[in-house]
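> What follows is my_file_5.txt; its format and atoms are compact mmCIF, C-alpha atoms.
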```
# COMPACT_ATOMS: atom_id res chain seq x y z
CA MET G 20 -10.06 22.78 52.60
CA MET G 21 -7.70 23.26 49.68
CA SER G 22 -6.39 26.50 48.26
CA ILE G 23 -3.63 27.77 46.00
CA GLU G 24 -1.69 30.82 47.11
CA PRO G 25 -1.25 33.79 44.77
CA ILE G 26 2.57 33.68 45.02
CA ILE G 27 4.31 32.83 41.73
CA GLY G 28 7.90 31.53 41.77
CA ARG G 29 10.38 31.71 38.87
CA TYR G 30 14.13 31.77 38.26
CA LEU G 31 16.43 34.53 37.05
CA ASN G 32 19.63 33.40 35.33
CA CYS G 33 22.37 35.99 35.47
CA GLU G 34 26.08 36.45 35.92
CA LEU G 35 27.50 37.83 39.15
CA ASP G 36 31.21 38.54 39.51
CA GLY G 37 31.90 36.27 36.54
CA LEU G 38 29.87 33.34 37.84
CA ARG G 39 26.56 32.08 36.47
CA GLN G 40 23.80 32.19 39.04
CA ARG G 41 20.27 30.80 39.05
CA ILE G 42 18.29 32.97 41.41
CA TYR G 43 14.88 31.97 42.64
CA PHE G 44 12.34 34.72 43.16
CA GLU G 45 8.72 34.90 44.18
CA GLU G 46 6.28 37.67 43.41
CA ALA G 47 2.70 38.64 44.01
CA GLY G 48 0.47 41.66 43.59
CA ALA G 49 0.45 44.63 41.27
CA GLY G 50 1.46 48.22 41.77
CA ARG G 51 4.45 49.87 43.36
CA PRO G 52 7.35 47.41 43.48
CA VAL G 53 8.66 46.33 46.89
CA LEU G 54 11.79 44.17 46.87
CA CYS G 55 12.07 42.07 50.04
CA LEU G 56 15.36 40.69 51.40
CA HIS G 57 15.62 37.76 53.80
CA THR G 58 17.89 37.46 56.83
CA ALA G 59 21.14 35.54 57.13
CA GLY G 60 20.82 31.76 57.07
CA ALA G 61 17.26 31.76 55.73
CA ASP G 62 15.36 32.41 52.49
CA SER G 63 12.46 34.21 50.86
CA ARG G 64 9.87 32.13 52.69
CA GLN G 65 10.27 34.58 55.55
CA TRP G 66 8.25 37.05 53.45
CA ARG G 67 5.43 34.73 52.40
CA HIS G 68 2.81 36.32 54.63
CA ILE G 69 3.36 39.75 53.12
CA LEU G 70 3.36 38.32 49.57
CA ASN G 71 0.13 36.49 50.33
CA ASP G 72 -1.55 39.59 51.76
CA GLU G 73 -4.44 40.23 49.36
CA LYS G 74 -5.11 43.76 50.52
CA LEU G 75 -1.50 44.93 50.29
CA ALA G 76 -1.12 43.16 46.95
CA GLN G 77 -3.83 45.38 45.45
CA SER G 78 -1.40 48.31 45.39
CA HIS G 79 2.04 46.70 45.68
CA HIS G 80 4.08 44.34 43.58
CA PHE G 81 6.04 42.32 46.14
CA ILE G 82 9.15 40.44 45.09
CA ALA G 83 11.30 38.27 47.36
CA PHE G 84 14.31 36.30 46.16
CA ASP G 85 16.67 33.72 47.60
CA MET G 86 20.25 34.91 47.65
CA PRO G 87 22.67 32.58 45.83
CA TRP G 88 23.45 29.58 48.12
CA HIS G 89 20.08 30.07 49.88
CA GLY G 90 16.67 28.43 49.54
CA LYS G 91 16.03 27.35 45.95
CA SER G 92 18.91 29.39 44.50
CA LEU G 93 21.84 27.08 43.84
CA PRO G 94 25.41 27.92 44.77
CA PRO G 95 27.60 28.68 41.74
CA GLU G 96 29.45 25.93 39.87
CA GLY G 97 32.52 24.86 41.83
CA TRP G 98 30.91 25.59 45.20
CA GLU G 99 32.23 22.31 46.57
CA ARG G 100 35.74 23.74 46.72
CA CYS G 101 34.74 27.24 47.82
CA GLU G 102 34.38 28.89 51.17
CA TYR G 103 31.18 30.92 51.07
CA LEU G 104 31.79 34.37 52.52
CA LEU G 105 29.30 37.07 51.62
CA THR G 106 30.69 40.56 51.07
CA THR G 107 29.08 43.97 50.83
CA ASP G 108 30.09 44.32 47.18
CA ALA G 109 28.73 40.90 46.21
CA TYR G 110 25.49 41.55 48.06
CA ILE G 111 25.01 44.93 46.39
CA GLU G 112 25.78 43.45 42.96
CA THR G 113 23.19 40.73 43.56
CA VAL G 114 20.41 43.11 44.59
CA LEU G 115 21.08 45.44 41.67
CA ALA G 116 21.19 42.49 39.25
CA VAL G 117 17.79 41.27 40.43
CA ILE G 118 16.33 44.76 39.98
CA LYS G 119 17.77 44.95 36.46
CA GLY G 120 16.85 41.39 35.56
CA LEU G 121 13.25 41.80 36.67
CA GLY G 122 12.94 45.28 35.22
CA LEU G 123 11.89 46.87 38.50
CA GLU G 124 11.53 50.66 38.48
CA GLN G 125 12.83 52.25 41.66
CA PRO G 126 11.43 49.67 44.08
CA ILE G 127 11.05 50.17 47.78
CA LEU G 128 13.71 47.99 49.39
CA ALA G 129 12.57 46.11 52.50
CA GLY G 130 15.35 44.10 54.12
CA CYS G 131 15.69 42.36 57.46
CA SER G 132 18.86 41.84 59.48
CA MET G 133 21.67 41.48 56.92
CA GLY G 134 19.02 42.56 54.39
CA GLY G 135 18.46 45.67 56.47
CA ARG G 136 22.18 46.31 56.61
CA ILE G 137 22.51 46.11 52.84
CA ALA G 138 19.48 48.38 52.50
CA LEU G 139 21.44 51.01 54.42
CA GLN G 140 24.53 50.36 52.27
CA LEU G 141 22.40 50.80 49.13
CA ALA G 142 20.86 53.97 50.59
CA LEU G 143 24.41 55.27 50.84
CA ARG G 144 25.81 54.04 47.54
CA HIS G 145 22.84 53.74 45.15
CA PRO G 146 20.01 55.87 46.53
CA GLY G 147 18.70 56.73 43.06
CA ALA G 148 17.88 53.11 42.29
CA PHE G 149 15.22 53.02 45.00
CA SER G 150 12.20 55.05 46.09
CA GLY G 151 12.43 54.14 49.75
CA PHE G 152 14.04 51.86 52.31
CA ILE G 153 12.44 49.85 55.11
CA ALA G 154 15.39 48.63 57.17
CA ILE G 155 14.26 45.99 59.65
CA GLU G 156 16.45 44.91 62.58
CA ALA G 157 19.15 47.00 60.92
CA SER G 158 22.12 48.96 62.17
CA ASP G 159 25.45 50.21 60.90
CA PHE G 160 27.40 47.37 62.50
CA GLN G 161 26.91 44.45 64.88
CA PRO G 162 29.99 42.56 66.03
CA ALA G 163 29.35 38.90 66.87
CA TRP G 164 28.49 37.87 70.42
CA TYR G 165 29.13 34.27 69.31
CA ASP G 166 31.78 32.41 67.32
CA ILE G 167 30.58 32.20 63.71
CA ASP G 168 32.75 29.10 63.17
CA TRP G 169 30.36 27.17 65.41
CA PHE G 170 27.99 27.02 62.47
CA HIS G 171 30.15 25.08 60.04
CA ARG G 172 31.82 22.08 61.60
CA PRO G 173 32.26 18.48 60.49
CA ASP G 174 31.10 17.13 63.86
CA ALA G 175 27.79 18.94 64.28
CA HIS G 176 24.78 20.18 62.33
CA GLY G 177 25.37 23.87 61.67
CA GLY G 178 21.78 24.53 60.75
CA GLU G 179 20.37 23.06 63.94
CA MET G 180 22.91 24.91 66.05
CA GLY G 181 22.20 28.11 64.16
CA ALA G 182 18.47 27.72 64.71
CA ALA G 183 18.96 27.10 68.42
CA LEU G 184 21.14 30.17 68.66
CA VAL G 185 18.84 32.51 66.74
CA SER G 186 15.90 31.36 68.83
CA ALA G 187 17.41 33.74 71.37
CA ASN G 188 16.25 36.50 69.03
CA ILE G 189 12.63 35.34 68.77
CA ALA G 190 10.02 36.88 71.04
CA PRO G 191 8.02 34.43 73.16
CA GLN G 192 4.72 36.16 72.31
CA GLY G 193 4.63 34.97 68.70
CA PRO G 194 2.51 32.00 67.63
CA SER G 195 4.37 28.77 68.37
CA ARG G 196 4.02 27.46 64.80
CA ASP G 197 5.52 30.64 63.35
CA ARG G 198 8.39 30.67 65.81
CA TRP G 199 9.25 27.07 64.91
CA TRP G 200 8.85 27.57 61.16
CA THR G 201 11.26 30.50 61.49
CA GLN G 202 13.81 28.14 63.00
CA TRP G 203 13.13 25.46 60.39
CA MET G 204 14.51 27.71 57.66
CA PHE G 205 17.78 28.03 59.54
CA MET G 206 17.93 24.28 60.02
CA GLN G 207 17.58 23.91 56.25
CA SER G 208 20.36 26.29 55.29
CA GLY G 209 23.24 24.72 53.40
CA PRO G 210 26.56 23.86 55.05
CA GLY G 211 28.49 27.01 55.88
CA VAL G 212 25.87 29.39 54.51
CA PHE G 213 24.81 30.91 57.82
CA ARG G 214 28.47 31.30 58.74
CA GLY G 215 29.22 32.99 55.40
CA ASP G 216 26.33 35.41 55.87
CA LEU G 217 27.45 36.18 59.40
CA SER G 218 30.92 36.92 58.10
CA PHE G 219 29.39 39.86 56.22
CA TYR G 220 27.02 40.82 59.02
CA THR G 221 29.47 40.72 61.91
CA ARG G 222 32.74 41.73 60.25
CA ASP G 223 31.98 44.32 57.58
CA ASP G 224 32.06 47.63 59.42
CA SER G 225 32.32 49.78 56.30
CA LEU G 226 29.13 51.66 57.18
CA VAL G 227 30.50 52.90 60.49
CA GLY G 228 31.02 56.65 60.40
CA ARG G 229 29.20 57.07 57.08
CA LEU G 230 25.54 57.14 58.15
CA GLY G 231 25.60 60.94 58.06
CA GLU G 232 26.21 60.80 54.30
CA ILE G 233 22.86 59.09 53.72
CA ASP G 234 20.03 61.45 52.83
CA ALA G 235 16.67 60.19 54.02
CA HIS G 236 15.09 63.56 53.21
CA SER G 237 15.43 62.70 49.51
CA THR G 238 14.67 58.98 49.74
CA PRO G 239 12.70 57.92 52.84
CA ILE G 240 14.28 55.48 55.27
CA HIS G 241 12.29 53.90 58.07
CA LEU G 242 13.83 51.50 60.57
CA LEU G 243 11.80 48.87 62.40
CA VAL G 244 13.20 47.01 65.38
CA GLY G 245 11.73 44.43 67.77
CA ASP G 246 12.21 44.85 71.49
CA TYR G 247 13.18 41.16 71.86
CA ASP G 248 16.01 41.42 69.34
CA LEU G 249 19.26 40.65 71.17
CA THR G 250 21.39 41.01 68.05
CA CYS G 251 20.23 44.38 66.78
CA THR G 252 18.66 45.92 69.85
CA PRO G 253 16.31 48.92 69.85
CA ALA G 254 19.28 50.95 71.08
CA ASP G 255 21.32 49.83 68.05
CA ALA G 256 18.55 50.73 65.61
CA LYS G 257 17.89 54.09 67.27
CA ARG G 258 21.59 54.90 67.26
CA THR G 259 21.64 54.15 63.55
CA SER G 260 18.45 56.07 62.80
CA ASP G 261 19.60 59.11 64.76
CA ALA G 262 22.78 59.29 62.67
CA ILE G 263 20.89 59.35 59.33
CA PRO G 264 19.45 62.78 58.54
CA GLY G 265 15.71 62.41 57.99
CA ALA G 266 15.42 58.73 58.98
CA THR G 267 12.67 57.49 61.27
CA CYS G 268 12.55 54.48 63.59
CA ALA G 269 9.81 52.52 65.34
CA VAL G 270 10.14 49.90 68.06
CA MET G 271 7.90 46.85 67.68
CA LYS G 272 6.90 45.45 71.06
CA GLY G 273 6.68 41.68 71.40
CA ILE G 274 8.79 41.00 68.33
CA GLY G 275 12.36 39.79 67.85
CA HIS G 276 14.84 39.62 64.98
CA PHE G 277 12.54 37.92 62.41
CA PRO G 278 9.37 40.02 62.48
CA MET G 279 7.73 39.03 59.18
CA SER G 280 8.28 35.36 59.94
CA GLU G 281 7.94 34.98 63.72
CA ASN G 282 4.82 37.09 64.20
CA PRO G 283 3.27 37.90 60.79
CA ALA G 284 0.04 39.51 62.01
CA LEU G 285 1.76 41.85 64.45
CA PHE G 286 4.49 42.72 61.95
CA ARG G 287 1.91 43.56 59.30
CA GLN G 288 0.69 46.54 61.33
CA HIS G 289 4.18 48.01 61.50
CA PHE G 290 4.96 47.19 57.88
CA VAL G 291 1.80 48.92 56.63
CA GLU G 292 2.78 51.97 58.65
CA ALA G 293 6.29 51.81 57.15
CA LEU G 294 4.94 51.53 53.59
CA GLY G 295 2.86 54.64 54.30
CA ARG G 296 6.06 56.52 55.04
CA MET G 297 7.59 55.66 51.65
CA THR G 298 6.22 58.76 49.91
CA ARG G 299 7.92 59.67 46.64
CA ARG G 300 9.93 62.88 46.91
CA MET B 18 10.75 27.08 95.62
CA ASN B 19 14.55 26.87 95.87
CA LEU B 20 16.81 26.14 92.93
CA HIS B 21 17.13 22.42 93.67
CA ASP B 22 13.37 21.90 93.96
CA ARG B 23 12.69 23.90 90.83
CA LEU B 24 15.21 21.83 88.87
CA LEU B 25 13.71 18.68 90.36
CA ALA B 26 10.31 19.70 88.99
CA ILE B 27 11.89 20.44 85.62
CA ALA B 28 13.66 17.08 85.60
CA SER B 29 10.34 15.40 86.31
CA ALA B 30 8.69 17.35 83.46
CA LEU B 31 11.53 16.25 81.18
CA ASP B 32 10.47 12.64 81.67
CA ASN B 33 7.29 13.46 79.74
CA GLN B 34 9.06 15.03 76.75
CA PRO B 35 10.00 12.16 74.40
CA HIS B 36 11.27 14.52 71.69
CA LEU B 37 13.83 15.85 74.16
CA HIS B 38 14.98 12.32 74.97
CA LYS B 39 15.97 12.08 71.29
CA LEU B 40 17.47 15.56 71.10
CA GLY B 41 19.55 14.95 74.22
CA ALA B 42 20.44 11.35 73.42
CA LEU B 43 24.16 12.12 73.10
CA PHE B 44 24.34 14.67 75.90
CA ASP B 45 25.95 12.82 78.78
CA GLU B 46 27.32 15.70 80.77
CA CYS B 47 27.20 17.47 84.10
CA VAL B 48 26.04 21.08 84.03
CA LEU B 49 26.44 23.49 86.92
CA ILE B 50 23.56 25.87 87.44
CA GLU B 51 24.21 28.62 89.94
CA ALA B 52 21.79 31.24 91.22
CA GLY B 53 23.46 33.46 93.75
CA GLU B 54 24.41 31.33 96.75
CA ASP B 55 22.57 28.27 95.45
CA SER B 56 24.19 25.83 93.07
CA VAL B 57 23.09 22.51 91.63
CA TYR B 58 24.98 20.00 89.49
CA VAL B 59 22.65 18.54 86.90
CA PHE B 60 23.75 15.16 85.53
CA PHE B 61 22.21 14.48 82.13
CA HIS B 62 22.05 11.03 80.57
CA ARG B 63 20.32 10.09 77.32
CA GLY B 64 18.01 13.07 77.32
CA ARG B 65 16.97 12.76 80.95
CA VAL B 66 18.26 13.99 84.28
CA GLU B 67 20.04 11.15 86.04
CA LYS B 68 20.58 13.00 89.30
CA LEU B 69 20.80 16.42 90.90
CA VAL B 70 23.54 17.21 93.40
CA GLU B 71 23.42 20.36 95.47
CA GLY B 72 26.61 22.40 95.58
CA PRO B 73 28.91 23.90 96.24
CA SER B 74 31.44 21.22 95.55
CA SER B 75 35.03 21.65 94.51
CA ARG B 76 35.29 17.99 93.51
CA THR B 77 32.51 17.77 90.95
CA PRO B 78 33.65 18.34 87.38
CA TRP B 79 31.19 20.03 85.03
CA ARG B 80 31.17 20.60 81.27
CA PHE B 81 29.70 24.09 81.37
CA ALA B 82 28.12 26.35 83.93
CA LEU B 83 25.27 28.84 83.89
CA ARG B 84 25.91 31.38 86.62
CA THR B 85 23.12 33.82 87.32
CA ASP B 86 21.08 35.23 90.21
CA PRO B 87 17.74 34.13 91.73
CA ASP B 88 15.82 37.18 90.50
CA ALA B 89 17.08 36.72 86.94
CA LEU B 90 16.11 33.05 86.97
CA ASN B 91 12.65 33.83 88.35
CA ARG B 92 12.13 36.36 85.58
CA PHE B 93 13.46 33.85 83.05
CA TRP B 94 10.85 31.38 84.28
CA GLN B 95 7.90 33.74 83.86
CA GLN B 96 5.40 32.47 81.32
CA VAL B 97 6.13 35.48 79.10
CA PRO B 98 9.56 36.75 80.14
CA GLU B 99 10.62 40.33 79.51
CA PRO B 100 13.16 41.10 76.75
CA GLY B 101 16.56 39.77 77.74
CA PHE B 102 15.10 37.39 80.31
CA HIS B 103 13.58 35.19 77.59
CA ASP B 104 16.77 33.28 76.77
CA ILE B 105 20.00 32.24 78.49
CA PHE B 106 22.02 34.23 75.94
CA GLY B 107 19.67 37.12 76.65
CA LEU B 108 20.63 36.93 80.31
CA VAL B 109 24.27 37.04 79.26
CA LYS B 110 23.67 39.98 76.93
CA ILE B 111 21.98 42.08 79.63
CA GLY B 112 24.69 41.22 82.13
CA ARG B 113 22.61 38.97 84.38
CA ALA B 114 24.38 35.65 83.66
CA LYS B 115 27.66 34.14 82.63
CA ILE B 116 28.18 30.93 80.70
CA GLU B 117 31.50 29.32 81.47
CA GLY B 118 33.36 26.17 80.48
CA ASP B 119 32.88 24.26 77.25
CA VAL B 120 30.50 26.61 75.44
CA LEU B 121 30.73 24.53 72.27
CA ALA B 122 29.29 21.55 74.17
CA LEU B 123 26.37 23.78 75.06
CA VAL B 124 25.94 25.05 71.50
CA LYS B 125 25.96 21.52 70.10
CA ASN B 126 23.11 20.66 72.47
CA LEU B 127 21.59 24.10 72.60
CA ARG B 128 18.03 23.28 71.63
CA PHE B 129 17.90 20.46 74.17
CA PHE B 130 19.32 22.56 77.00
CA LYS B 131 17.14 25.57 76.25
CA GLU B 132 13.99 23.48 76.11
CA PHE B 133 15.02 21.72 79.30
CA LEU B 134 15.34 25.01 81.17
CA ALA B 135 12.18 26.43 79.61
CA LEU B 136 10.21 23.58 81.19
CA GLY B 137 10.46 25.67 84.35
CA ARG B 138 8.25 28.37 82.88
CA ASP B 139 4.90 28.82 84.57
CA GLY B 140 2.41 26.34 83.29
CA GLN B 141 5.06 24.03 81.82
CA ALA B 142 6.48 22.21 84.83
```
Hey, can you dump this file as structure tokens for me?


Amino acid sequence: MMSIEPIIGRYLNCELDGLRQRIYFEEAGAGRPVLCLHTAGADSRQWRHILNDEKLAQSHHFIAFDMPWHGKSLPPEGWERCEYLLTTDAYIETVLAVIKGLGLEQPILAGCSMGGRIALQLALRHPGAFSGFIAIEASDFQPAWYDIDWFHRPDAHGGEMGAALVSANIAPQGPSRDRWWTQWMFMQSGPGVFRGDLSFYTRDDSLVGRLGEIDAHSTPIHLLVGDYDLTCTPADAKRTSDAIPGATCAVMKGIGHFPMSENPALFRQHFVEALGRMTRR
Amino acid sequence: MNLHDRLLAIASALDNQPHLHKLGALFDECVLIEAGEDSVYVFFHRGRVEKLVEGPSSRTPWRFALRTDPDALNRFWQQVPEPGFHDIFGLVKIGRAKIEGDVLALVKNLRFFKEFLALGRDGQA
């Protein structure tokens, strides 16, 4: 049987920090905008099940984009002499540029892992640009339990090593095909990209001590965390949620660090519940 | 089943995994697996187990070691392990195992080694 999915992919050309960028984005549905952010070392394909969800697409306009250097977004000109190291400021600039470039009006921001971290940073720094935050596998800070330099070496395949490492964060209950497709995206990441993302994720502790300044009473924030996530554990997410006035948190049993990708059907239940919490205030 | 016999069954199961013979083609190393008082040196060669040698031995060099306890390994080998017991780094994170030696050698062959150990899960070996 043949079919064509409703997802439409296009490119946004823009300038970030003085560099031209060609950013790939996918969208589907109509209604309230929901901007979806992928994890480190992966791309927007992680969100394809949500974008392809016909029922949710009746009332939501889902958008997922590949960060520069990821997926179908190219690295900037001169990348061959650069060391890719993502920073909080560059990440924020990118998300805000996509919102502006696509003309999105106060989207819900749904981000996973480093995407969840930047959602919390944006909740702190630019709350007015959004109407809600779904922070998945997110916390204020996670120092590395591994050496990020493992993932960019001349004598080994960083993507394959990265995939084998992050498999520690995938729950065994998920469908085998989805667990392996989740790892495939890591295997496909460009040289040094996972490392550069992890530099942001494991070294930028600028959110520590500032969670109390975020106001989830004005703009809803809901955290979702899988009980098989070794990187951002339920304890990490709860600690973060408890420190944000008005934030809520739910633990997803039988899910790891890549919910929307590793177990799409189970994640959908939690995501629908999270969307229901994003009431405009 | 003691540690040696369990690893013997896993080694036998590995013989029927041709994709692992490719993944482990360059992994010619000895790995020490320790569960409490029991220890076994696993000699890998071209994606297969060449031999198993029961420890302890102070004269057998190894590239890296996985040191854990019998209960943790049994829970790791459940068909659907609990959180933390589902992965060797999970065991480390919850304080039930240590990985010592050349960790980079492990990471370079991580998929192979993880899939090798996972062959011990109920219904797989």

> Skipping near chain neighbours, those fewer than 4 positions away, what residues fall within 9 Å of range 66-76 of chain B using all atoms listed in the file, listed as a PyMOL selection string?

chain B and resi 21+24-25+28-29+31-32+49+51+54-62

> How far is it from CA of Leu38 in chain G to CA of Phe219 in chain G, in Å with one decimal?

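CA of Phe219 in chain G lies at a distance of 19.5 Å from CA of Leu38 in chain G.
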
> How close does chain G get to chain B? List, as CSV, each residue of chain G within 8 Å, its nearest atom pair and the distance in Å to one decimal, counting all atoms listed in the file.


```
residue,atom,partner,partner_atom,distance
G:Trp169,CA,B:Leu121,CA,7.4
G:Ala175,CA,B:Lys125,CA,6.6
G:His176,CA,B:Lys125,CA,8.0
G:Met180,CA,B:Lys125,CA,6.1
G:Ala183,CA,B:Arg128,CA,5.1
G:Leu184,CA,B:Leu127,CA,7.3
G:Ala187,CA,B:Asp104,CA,5.5
G:Ala190,CA,B:His103,CA,7.6
G:Pro191,CA,B:Val97,CA,6.3
G:Gln192,CA,B:Val97,CA,7.0
G:Asp246,CA,B:Pro100,CA,6.5
G:Tyr247,CA,B:Pro100,CA,4.9
G:Asp248,CA,B:Pro100,CA,7.9
G:Leu249,CA,B:Gly107,CA,6.5
```

> Export, as a short mmCIF file (atom, residue, chain, number, x, y, z; two decimals), in the coordinates of the input, the selected residues with C-alpha atoms.


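Just written: again_18.cif:
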```cif
data_model
loop_
_atom_site.label_atom_id
_atom_site.label_comp_id
_atom_site.auth_asym_id
_atom_site.auth_seq_id
_atom_site.Cartn_x
_atom_site.Cartn_y
_atom_site.Cartn_z
CA TRP G 169 30.36 27.17 65.41
CA ALA G 175 27.79 18.94 64.28
CA HIS G 176 24.78 20.18 62.33
CA MET G 180 22.91 24.91 66.05
CA ALA G 183 18.96 27.10 68.42
CA LEU G 184 21.14 30.17 68.66
CA ALA G 187 17.41 33.74 71.37
CA ALA G 190 10.02 36.88 71.04
CA PRO G 191 8.02 34.43 73.16
CA GLN G 192 4.72 36.16 72.31
CA ASP G 246 12.21 44.85 71.49
CA TYR G 247 13.18 41.16 71.86
CA ASP G 248 16.01 41.42 69.34
CA LEU G 249 19.26 40.65 71.17
#
```

> In Å, how far is it from CA of Lys272 in chain G to CA of Asp86 in chain B?

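Those two atoms sit 25.9 Å apart.
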
> Could you tell me how far CA of Asp261 in chain G sits from CA of Thr238 in chain G, in Å to one decimal place?

15.8 Å

> Considering only C-alpha atoms, return as an MDAnalysis selection string whatever protein or nucleic-acid residues lie within 10 Å of Arg51 in chain G, sequence-local ones (same chain, fewer than 4 positions apart) excluded.

chainID G and resid 76:81 123:127 150

> Which residue out of G:Tyr165, G:Leu35, G:Arg198, G:Phe44 has the minimum interatomic distance to Leu115 in chain G when all atoms listed in the file are used?

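Ranking G:Tyr165, G:Leu35, G:Arg198, G:Phe44 by distance to Leu115 in chain G, first place goes to G:Leu35.
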
> When you count all atoms listed in the file, which of these residues is closest to Asp139 in chain B: B:Asn33, B:Phe44, B:Asp22, B:Trp94?

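Ranked by minimum distance to Asp139 in chain B, first place goes to B:Trp94.
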